[in-house]
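Here's the structure, in structure tokens; my notes come after.
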Amino acid sequence: MTTFSCINITRRYRHFLLDHVSFTMESGYFYVLAGVNGSGKTTLLDCLSGTALSSAPGFTGDARLGGLSLRQDPEAFRRRIGYISEKCPFFTEASVAENGLTYGAFYPDWSVKEYSSWLMRLGVDASKRVFQLSKGEFMKMQICFALAHHPDFLFLDEPLEGFDPVFRREFLELLGELLEHDMGILLSTHITEDVDRLADYVLILENGRLAANATKEELSDRYASVSGTAAPHIRDLLELEHRKEGGAP
């Protein structure tokens, strides 16, 4: 089991503040990062993954994975994380296969054989150029690349929007397989219904603050103490926190 810690991560923009977010995760568990659009989910994942430079103005705090620090060992830290996002920097004019070989060189454990195998399993044409991929195909390509370098934790920023309902189900089954191999998963979404079954823990961001961080069962009990009934979905937990923070009903 591997531990990931987010330690007082803060990111200041002119009109937004990600405000001293701290939490801990263990590999082998599924964490859902929920929040309405604009709550700071992508900003937080950019910080945790190292995509947002820790030396950037307005960025304070740290993250640790095992014995590695994002601030002190950024390259080694990033090698142990897979990050799936619309903003991942692949060469759009190069093919899926060429991108794998180019970026795979930065990961000592990256396997071209496994990359090809995952591309075949998820139905991604390795000869296609990246700009020719649909949003769903681009997400699949990133997943294949990440799994080929064997990360300890997989971070996914709103991946479900690009998939049709059939592949959503297959994709969530795949994530379930990864959990069995002791990979930790942090998935951000505002489409929470799809992950109700898999979620072990739920983290709720509200206006840049971590409003809730507990097991799904604990949050459901908290919901029941307020409403008198158990929360059937993560969506209900999110709506409760949104109301408590003074959001729109």
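Ligands are numbered from 1 in the order shown, chains are lettered A, B, ... in the order of the structure tokens, and residues start at 1 in each chain.
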Query raised in the report: Looking only at the backbone, which of the residues in stretch 7-239 of chain A does DSSP tag as strand (DSSP E or B), as a ChimeraX atom specification?
Result: /A:7-12,17-26,30-34,59-65,68-69,81-84,95,129,153-157,184-189,201-206,209-215
Query - Polymer residues at most 9 Å from A:Thr2, only C-alpha atoms, same-chain spacing of 2 or more positions, as JSON, numbers by chain - result: {"A": [4, 25, 26, 27, 28, 65, 66, 152, 153, 182, 183, 184]}
Residues at most 12 Å from A:Glu75, counting only C-alpha atoms, excluding those fewer than 2 positions away in the same chain, as a PDB file with N, CA, C and O atoms, in the first residue's frame?
ATOM      1  N   SER A  49      -0.689  16.899  -9.725  1.00  0.00           N
ATOM      2  CA  SER A  49      -0.002  16.112 -10.744  1.00  0.00           C
ATOM      3  C   SER A  49       1.325  16.716 -11.170  1.00  0.00           C
ATOM      4  O   SER A  49       2.091  16.080 -11.888  1.00  0.00           O
ATOM      5  N   GLY A  50       1.587  17.954 -10.752  1.00  0.00           N
ATOM      6  CA  GLY A  50       2.800  18.626 -11.181  1.00  0.00           C
ATOM      7  C   GLY A  50       2.647  19.364 -12.489  1.00  0.00           C
ATOM      8  O   GLY A  50       3.597  19.964 -12.984  1.00  0.00           O
ATOM      9  N   THR A  51       1.438  19.334 -13.077  1.00  0.00           N
ATOM     10  CA  THR A  51       1.201  20.077 -14.318  1.00  0.00           C
ATOM     11  C   THR A  51       1.332  21.569 -14.081  1.00  0.00           C
ATOM     12  O   THR A  51       1.898  22.303 -14.903  1.00  0.00           O
ATOM     13  N   LEU A  53       3.273  24.254 -12.254  1.00  0.00           N
ATOM     14  CA  LEU A  53       4.596  24.296 -11.640  1.00  0.00           C
ATOM     15  C   LEU A  53       4.505  24.759 -10.192  1.00  0.00           C
ATOM     16  O   LEU A  53       3.852  25.752  -9.880  1.00  0.00           O
ATOM     17  N   SER A  54       5.168  24.011  -9.299  1.00  0.00           N
ATOM     18  CA  SER A  54       5.125  24.369  -7.880  1.00  0.00           C
ATOM     19  C   SER A  54       5.824  25.694  -7.600  1.00  0.00           C
ATOM     20  O   SER A  54       5.634  26.286  -6.543  1.00  0.00           O
ATOM     21  N   LEU A  68       8.512  10.621  -1.733  1.00  0.00           N
ATOM     22  CA  LEU A  68       8.835  11.652  -2.710  1.00  0.00           C
ATOM     23  C   LEU A  68       7.999  12.902  -2.485  1.00  0.00           C
ATOM     24  O   LEU A  68       6.803  12.826  -2.209  1.00  0.00           O
ATOM     25  N   SER A  69       8.640  14.067  -2.655  1.00  0.00           N
ATOM     26  CA  SER A  69       7.969  15.350  -2.524  1.00  0.00           C
ATOM     27  C   SER A  69       7.827  16.004  -3.900  1.00  0.00           C
ATOM     28  O   SER A  69       8.779  16.009  -4.698  1.00  0.00           O
ATOM     29  N   LEU A  70       6.655  16.554  -4.177  1.00  0.00           N
ATOM     30  CA  LEU A  70       6.443  17.279  -5.424  1.00  0.00           C
ATOM     31  C   LEU A  70       7.421  18.433  -5.551  1.00  0.00           C
ATOM     32  O   LEU A  70       7.955  18.695  -6.632  1.00  0.00           O
ATOM     33  N   ARG A  71       7.680  19.122  -4.462  1.00  0.00           N
ATOM     34  CA  ARG A  71       8.576  20.281  -4.517  1.00  0.00           C
ATOM     35  C   ARG A  71      10.048  19.886  -4.618  1.00  0.00           C
ATOM     36  O   ARG A  71      10.817  20.501  -5.349  1.00  0.00           O
ATOM     37  N   GLN A  72      10.442  18.856  -3.879  1.00  0.00           N
ATOM     38  CA  GLN A  72      11.851  18.498  -3.819  1.00  0.00           C
ATOM     39  C   GLN A  72      12.275  17.510  -4.903  1.00  0.00           C
ATOM     40  O   GLN A  72      13.431  17.522  -5.334  1.00  0.00           O
ATOM     41  N   ASP A  73      11.345  16.650  -5.353  1.00  0.00           N
ATOM     42  CA  ASP A  73      11.674  15.619  -6.344  1.00  0.00           C
ATOM     43  C   ASP A  73      10.620  15.596  -7.450  1.00  0.00           C
ATOM     44  O   ASP A  73       9.967  14.564  -7.666  1.00  0.00           O
ATOM     45  N   PHE A  77       8.579  12.289  -8.723  1.00  0.00           N
ATOM     46  CA  PHE A  77       7.202  12.319  -8.242  1.00  0.00           C
ATOM     47  C   PHE A  77       6.232  12.108  -9.398  1.00  0.00           C
ATOM     48  O   PHE A  77       5.311  11.275  -9.322  1.00  0.00           O
ATOM     49  N   ARG A  78       6.423  12.857 -10.490  1.00  0.00           N
ATOM     50  CA  ARG A  78       5.488  12.776 -11.621  1.00  0.00           C
ATOM     51  C   ARG A  78       5.535  11.416 -12.312  1.00  0.00           C
ATOM     52  O   ARG A  78       4.532  10.985 -12.901  1.00  0.00           O
ATOM     53  N   ARG A  79       6.667  10.731 -12.256  1.00  0.00           N
ATOM     54  CA  ARG A  79       6.767   9.418 -12.905  1.00  0.00           C
ATOM     55  C   ARG A  79       5.866   8.379 -12.245  1.00  0.00           C
ATOM     56  O   ARG A  79       5.526   7.373 -12.857  1.00  0.00           O
ATOM     57  N   ARG A  80       5.477   8.631 -11.018  1.00  0.00           N
ATOM     58  CA  ARG A  80       4.665   7.645 -10.295  1.00  0.00           C
ATOM     59  C   ARG A  80       3.173   7.981 -10.307  1.00  0.00           C
ATOM     60  O   ARG A  80       2.386   7.368  -9.614  1.00  0.00           O
ATOM     61  N   ILE A  81       2.819   8.971 -11.146  1.00  0.00           N
ATOM     62  CA  ILE A  81       1.427   9.399 -11.273  1.00  0.00           C
ATOM     63  C   ILE A  81       1.012   9.336 -12.739  1.00  0.00           C
ATOM     64  O   ILE A  81       1.776   9.704 -13.630  1.00  0.00           O
ATOM     65  N   PHE A 106      10.554   9.149 -21.066  1.00  0.00           N
ATOM     66  CA  PHE A 106      10.727   9.844 -19.787  1.00  0.00           C
ATOM     67  C   PHE A 106      10.354   8.966 -18.589  1.00  0.00           C
ATOM     68  O   PHE A 106      10.531   9.375 -17.447  1.00  0.00           O
ATOM     69  N   TYR A 107       9.836   7.770 -18.856  1.00  0.00           N
ATOM     70  CA  TYR A 107       9.381   6.882 -17.784  1.00  0.00           C
ATOM     71  C   TYR A 107      10.169   5.583 -17.833  1.00  0.00           C
ATOM     72  O   TYR A 107      10.007   4.789 -18.774  1.00  0.00           O
ATOM     73  N   PRO A 108      11.012   5.319 -16.846  1.00  0.00           N
ATOM     74  CA  PRO A 108      11.848   4.118 -16.865  1.00  0.00           C
ATOM     75  C   PRO A 108      11.056   2.819 -16.983  1.00  0.00           C
ATOM     76  O   PRO A 108      11.551   1.847 -17.565  1.00  0.00           O
TER      77      PRO A 108
END
Report task. Within 12 Å of A:Gln132, counting only C-alpha atoms, which residues show up once you throw out same-chain ones fewer than 5 positions away? Write them as an MDAnalysis selection string, please. Result -> chainID A and resid 91:96 124:127 137:138
Residue selection dump (N, CA, C and O atoms) as a PDB file, in the first residue's frame:
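The resulting file, result34.pdb, is reproduced below:
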ATOM      1  N   PHE A  91       1.913  15.660 -28.807  1.00  0.00           N
ATOM      2  CA  PHE A  91       2.121  16.320 -30.096  1.00  0.00           C
ATOM      3  C   PHE A  91       0.932  16.007 -31.008  1.00  0.00           C
ATOM      4  O   PHE A  91       0.735  14.859 -31.406  1.00  0.00           O
ATOM      5  N   THR A  92       0.162  17.010 -31.344  1.00  0.00           N
ATOM      6  CA  THR A  92      -1.078  16.771 -32.074  1.00  0.00           C
ATOM      7  C   THR A  92      -0.851  16.299 -33.509  1.00  0.00           C
ATOM      8  O   THR A  92      -1.693  15.594 -34.067  1.00  0.00           O
ATOM      9  N   GLU A  93       0.270  16.677 -34.123  1.00  0.00           N
ATOM     10  CA  GLU A  93       0.530  16.270 -35.506  1.00  0.00           C
ATOM     11  C   GLU A  93       1.138  14.877 -35.594  1.00  0.00           C
ATOM     12  O   GLU A  93       1.189  14.285 -36.673  1.00  0.00           O
ATOM     13  N   ALA A  94       1.621  14.353 -34.474  1.00  0.00           N
ATOM     14  CA  ALA A  94       2.222  13.020 -34.459  1.00  0.00           C
ATOM     15  C   ALA A  94       1.148  11.970 -34.186  1.00  0.00           C
ATOM     16  O   ALA A  94       0.068  12.273 -33.684  1.00  0.00           O
ATOM     17  N   SER A  95       1.457  10.731 -34.522  1.00  0.00           N
ATOM     18  CA  SER A  95       0.496   9.657 -34.333  1.00  0.00           C
ATOM     19  C   SER A  95       0.438   9.228 -32.872  1.00  0.00           C
ATOM     20  O   SER A  95       1.295   9.579 -32.053  1.00  0.00           O
ATOM     21  N   VAL A  96      -0.579   8.444 -32.568  1.00  0.00           N
ATOM     22  CA  VAL A  96      -0.717   7.886 -31.224  1.00  0.00           C
ATOM     23  C   VAL A  96       0.509   7.054 -30.867  1.00  0.00           C
ATOM     24  O   VAL A  96       1.053   7.161 -29.761  1.00  0.00           O
ATOM     25  N   VAL A 124      -8.289   2.027 -29.821  1.00  0.00           N
ATOM     26  CA  VAL A 124      -7.677   3.267 -30.314  1.00  0.00           C
ATOM     27  C   VAL A 124      -6.709   2.924 -31.441  1.00  0.00           C
ATOM     28  O   VAL A 124      -5.813   2.076 -31.269  1.00  0.00           O
ATOM     29  N   ASP A 125      -6.867   3.560 -32.582  1.00  0.00           N
ATOM     30  CA  ASP A 125      -6.014   3.333 -33.751  1.00  0.00           C
ATOM     31  C   ASP A 125      -4.654   3.991 -33.527  1.00  0.00           C
ATOM     32  O   ASP A 125      -4.555   5.220 -33.461  1.00  0.00           O
ATOM     33  N   ALA A 126      -3.597   3.186 -33.406  1.00  0.00           N
ATOM     34  CA  ALA A 126      -2.262   3.713 -33.113  1.00  0.00           C
ATOM     35  C   ALA A 126      -1.704   4.566 -34.242  1.00  0.00           C
ATOM     36  O   ALA A 126      -0.795   5.377 -34.025  1.00  0.00           O
ATOM     37  N   SER A 127      -2.229   4.408 -35.443  1.00  0.00           N
ATOM     38  CA  SER A 127      -1.710   5.165 -36.585  1.00  0.00           C
ATOM     39  C   SER A 127      -2.352   6.540 -36.729  1.00  0.00           C
ATOM     40  O   SER A 127      -1.861   7.382 -37.489  1.00  0.00           O
ATOM     41  N   GLU A 137     -11.645   9.300 -27.643  1.00  0.00           N
ATOM     42  CA  GLU A 137     -10.437   8.581 -28.070  1.00  0.00           C
ATOM     43  C   GLU A 137      -9.187   9.173 -27.437  1.00  0.00           C
ATOM     44  O   GLU A 137      -8.256   8.441 -27.069  1.00  0.00           O
ATOM     45  N   PHE A 138      -9.168  10.505 -27.303  1.00  0.00           N
ATOM     46  CA  PHE A 138      -8.004  11.149 -26.689  1.00  0.00           C
ATOM     47  C   PHE A 138      -7.874  10.745 -25.229  1.00  0.00           C
ATOM     48  O   PHE A 138      -6.778  10.488 -24.732  1.00  0.00           O
TER      49      PHE A 138
END
Query raised in the report: What lies within 10 Å of stretch 156-164 of chain A using only C-alpha atoms, ignoring chain neighbours under 3 positions off, as a ChimeraX atom specification?
Result: /A:32-34,41-46,82-87,134-140,142-143,153,167-169,171-172,185-192,194-195
Would you write out those residues with C-alpha atoms, as a PDB file, in the first residue's frame?
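This went into again.pdb:
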ATOM      1  CA  VAL A  32     -14.238  10.745  -6.115  1.00  0.00           C
ATOM      2  CA  LEU A  33     -13.460  14.459  -6.272  1.00  0.00           C
ATOM      3  CA  ALA A  34     -16.896  16.036  -6.671  1.00  0.00           C
ATOM      4  CA  LYS A  41     -11.359  20.424  -9.288  1.00  0.00           C
ATOM      5  CA  THR A  42      -9.112  20.895 -12.323  1.00  0.00           C
ATOM      6  CA  THR A  43      -6.950  23.450 -10.516  1.00  0.00           C
ATOM      7  CA  LEU A  44      -6.375  20.998  -7.677  1.00  0.00           C
ATOM      8  CA  LEU A  45      -5.516  18.102  -9.998  1.00  0.00           C
ATOM      9  CA  ASP A  46      -3.137  20.311 -11.997  1.00  0.00           C
ATOM     10  CA  GLY A  82      -0.801   9.004 -14.303  1.00  0.00           C
ATOM     11  CA  TYR A  83      -2.798  12.135 -15.147  1.00  0.00           C
ATOM     12  CA  ILE A  84      -5.697  12.067 -17.603  1.00  0.00           C
ATOM     13  CA  SER A  85      -6.789  15.539 -18.694  1.00  0.00           C
ATOM     14  CA  GLU A  86      -7.773  17.501 -21.777  1.00  0.00           C
ATOM     15  CA  LYS A  87      -4.611  19.566 -21.303  1.00  0.00           C
ATOM     16  CA  SER A 134     -12.365  12.417 -30.763  1.00  0.00           C
ATOM     17  CA  LYS A 135     -12.473  13.614 -27.162  1.00  0.00           C
ATOM     18  CA  GLY A 136     -13.271  10.090 -26.017  1.00  0.00           C
ATOM     19  CA  GLU A 137     -10.437   8.581 -28.070  1.00  0.00           C
ATOM     20  CA  PHE A 138      -8.004  11.149 -26.689  1.00  0.00           C
ATOM     21  CA  MET A 139      -8.966  10.220 -23.142  1.00  0.00           C
ATOM     22  CA  LYS A 140      -8.535   6.534 -23.997  1.00  0.00           C
ATOM     23  CA  GLN A 142      -3.989   8.945 -22.297  1.00  0.00           C
ATOM     24  CA  ILE A 143      -5.264   6.077 -20.180  1.00  0.00           C
ATOM     25  CA  PHE A 153      -2.005   6.678  -8.503  1.00  0.00           C
ATOM     26  CA  PHE A 167     -17.964   2.623 -22.896  1.00  0.00           C
ATOM     27  CA  ARG A 168     -18.577   4.430 -19.623  1.00  0.00           C
ATOM     28  CA  ARG A 169     -19.658   1.119 -18.167  1.00  0.00           C
ATOM     29  CA  PHE A 171     -14.332   2.053 -18.491  1.00  0.00           C
ATOM     30  CA  LEU A 172     -15.574   1.849 -14.906  1.00  0.00           C
ATOM     31  CA  ILE A 185      -7.649   6.348  -8.260  1.00  0.00           C
ATOM     32  CA  LEU A 186      -8.776   9.964  -7.863  1.00  0.00           C
ATOM     33  CA  LEU A 187     -11.473  10.879 -10.367  1.00  0.00           C
ATOM     34  CA  SER A 188     -12.996  14.327 -10.592  1.00  0.00           C
ATOM     35  CA  THR A 189     -16.491  14.660 -11.961  1.00  0.00           C
ATOM     36  CA  HIS A 190     -19.769  16.488 -11.721  1.00  0.00           C
ATOM     37  CA  ILE A 191     -21.500  13.475 -13.339  1.00  0.00           C
ATOM     38  CA  THR A 192     -21.494  11.457 -10.143  1.00  0.00           C
ATOM     39  CA  ASP A 194     -21.614   6.697 -12.898  1.00  0.00           C
ATOM     40  CA  VAL A 195     -19.222   6.356  -9.963  1.00  0.00           C
TER      41      VAL A 195
END
Report task. Please return as a list in words: the residues of stretch 31-87 of chain A that backbone DSSP assigns to helix (DSSP H, G or I). Result ->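 Matching residues for helix (DSSP H, G or I) in stretch 31-87 of chain A are Lys41, Thr42, Thr43, Leu44, Leu45, Asp46, Cys47, Leu48, Ser49, Pro74, Glu75, Ala76, Phe77, Arg78 and Arg79 of chain A.
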**Report entry** Residue contacts of A:Ile234 (12 Å, only C-alpha atoms) excluding same-chain residues fewer than 6 positions away, as a PyMOL selection string
**Finding:** chain A and resi 31-35+189-204+212+214-220+223+240-241
Query - Selected residue, from A:Arg222, A:Arg209, A:Arg11, A:Lys128, that lies nearest to A:Leu48 when counting only C-alpha atoms - result: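 Nearest candidate to A:Leu48 out of A:Arg222, A:Arg209, A:Arg11, A:Lys128: A:Arg11.
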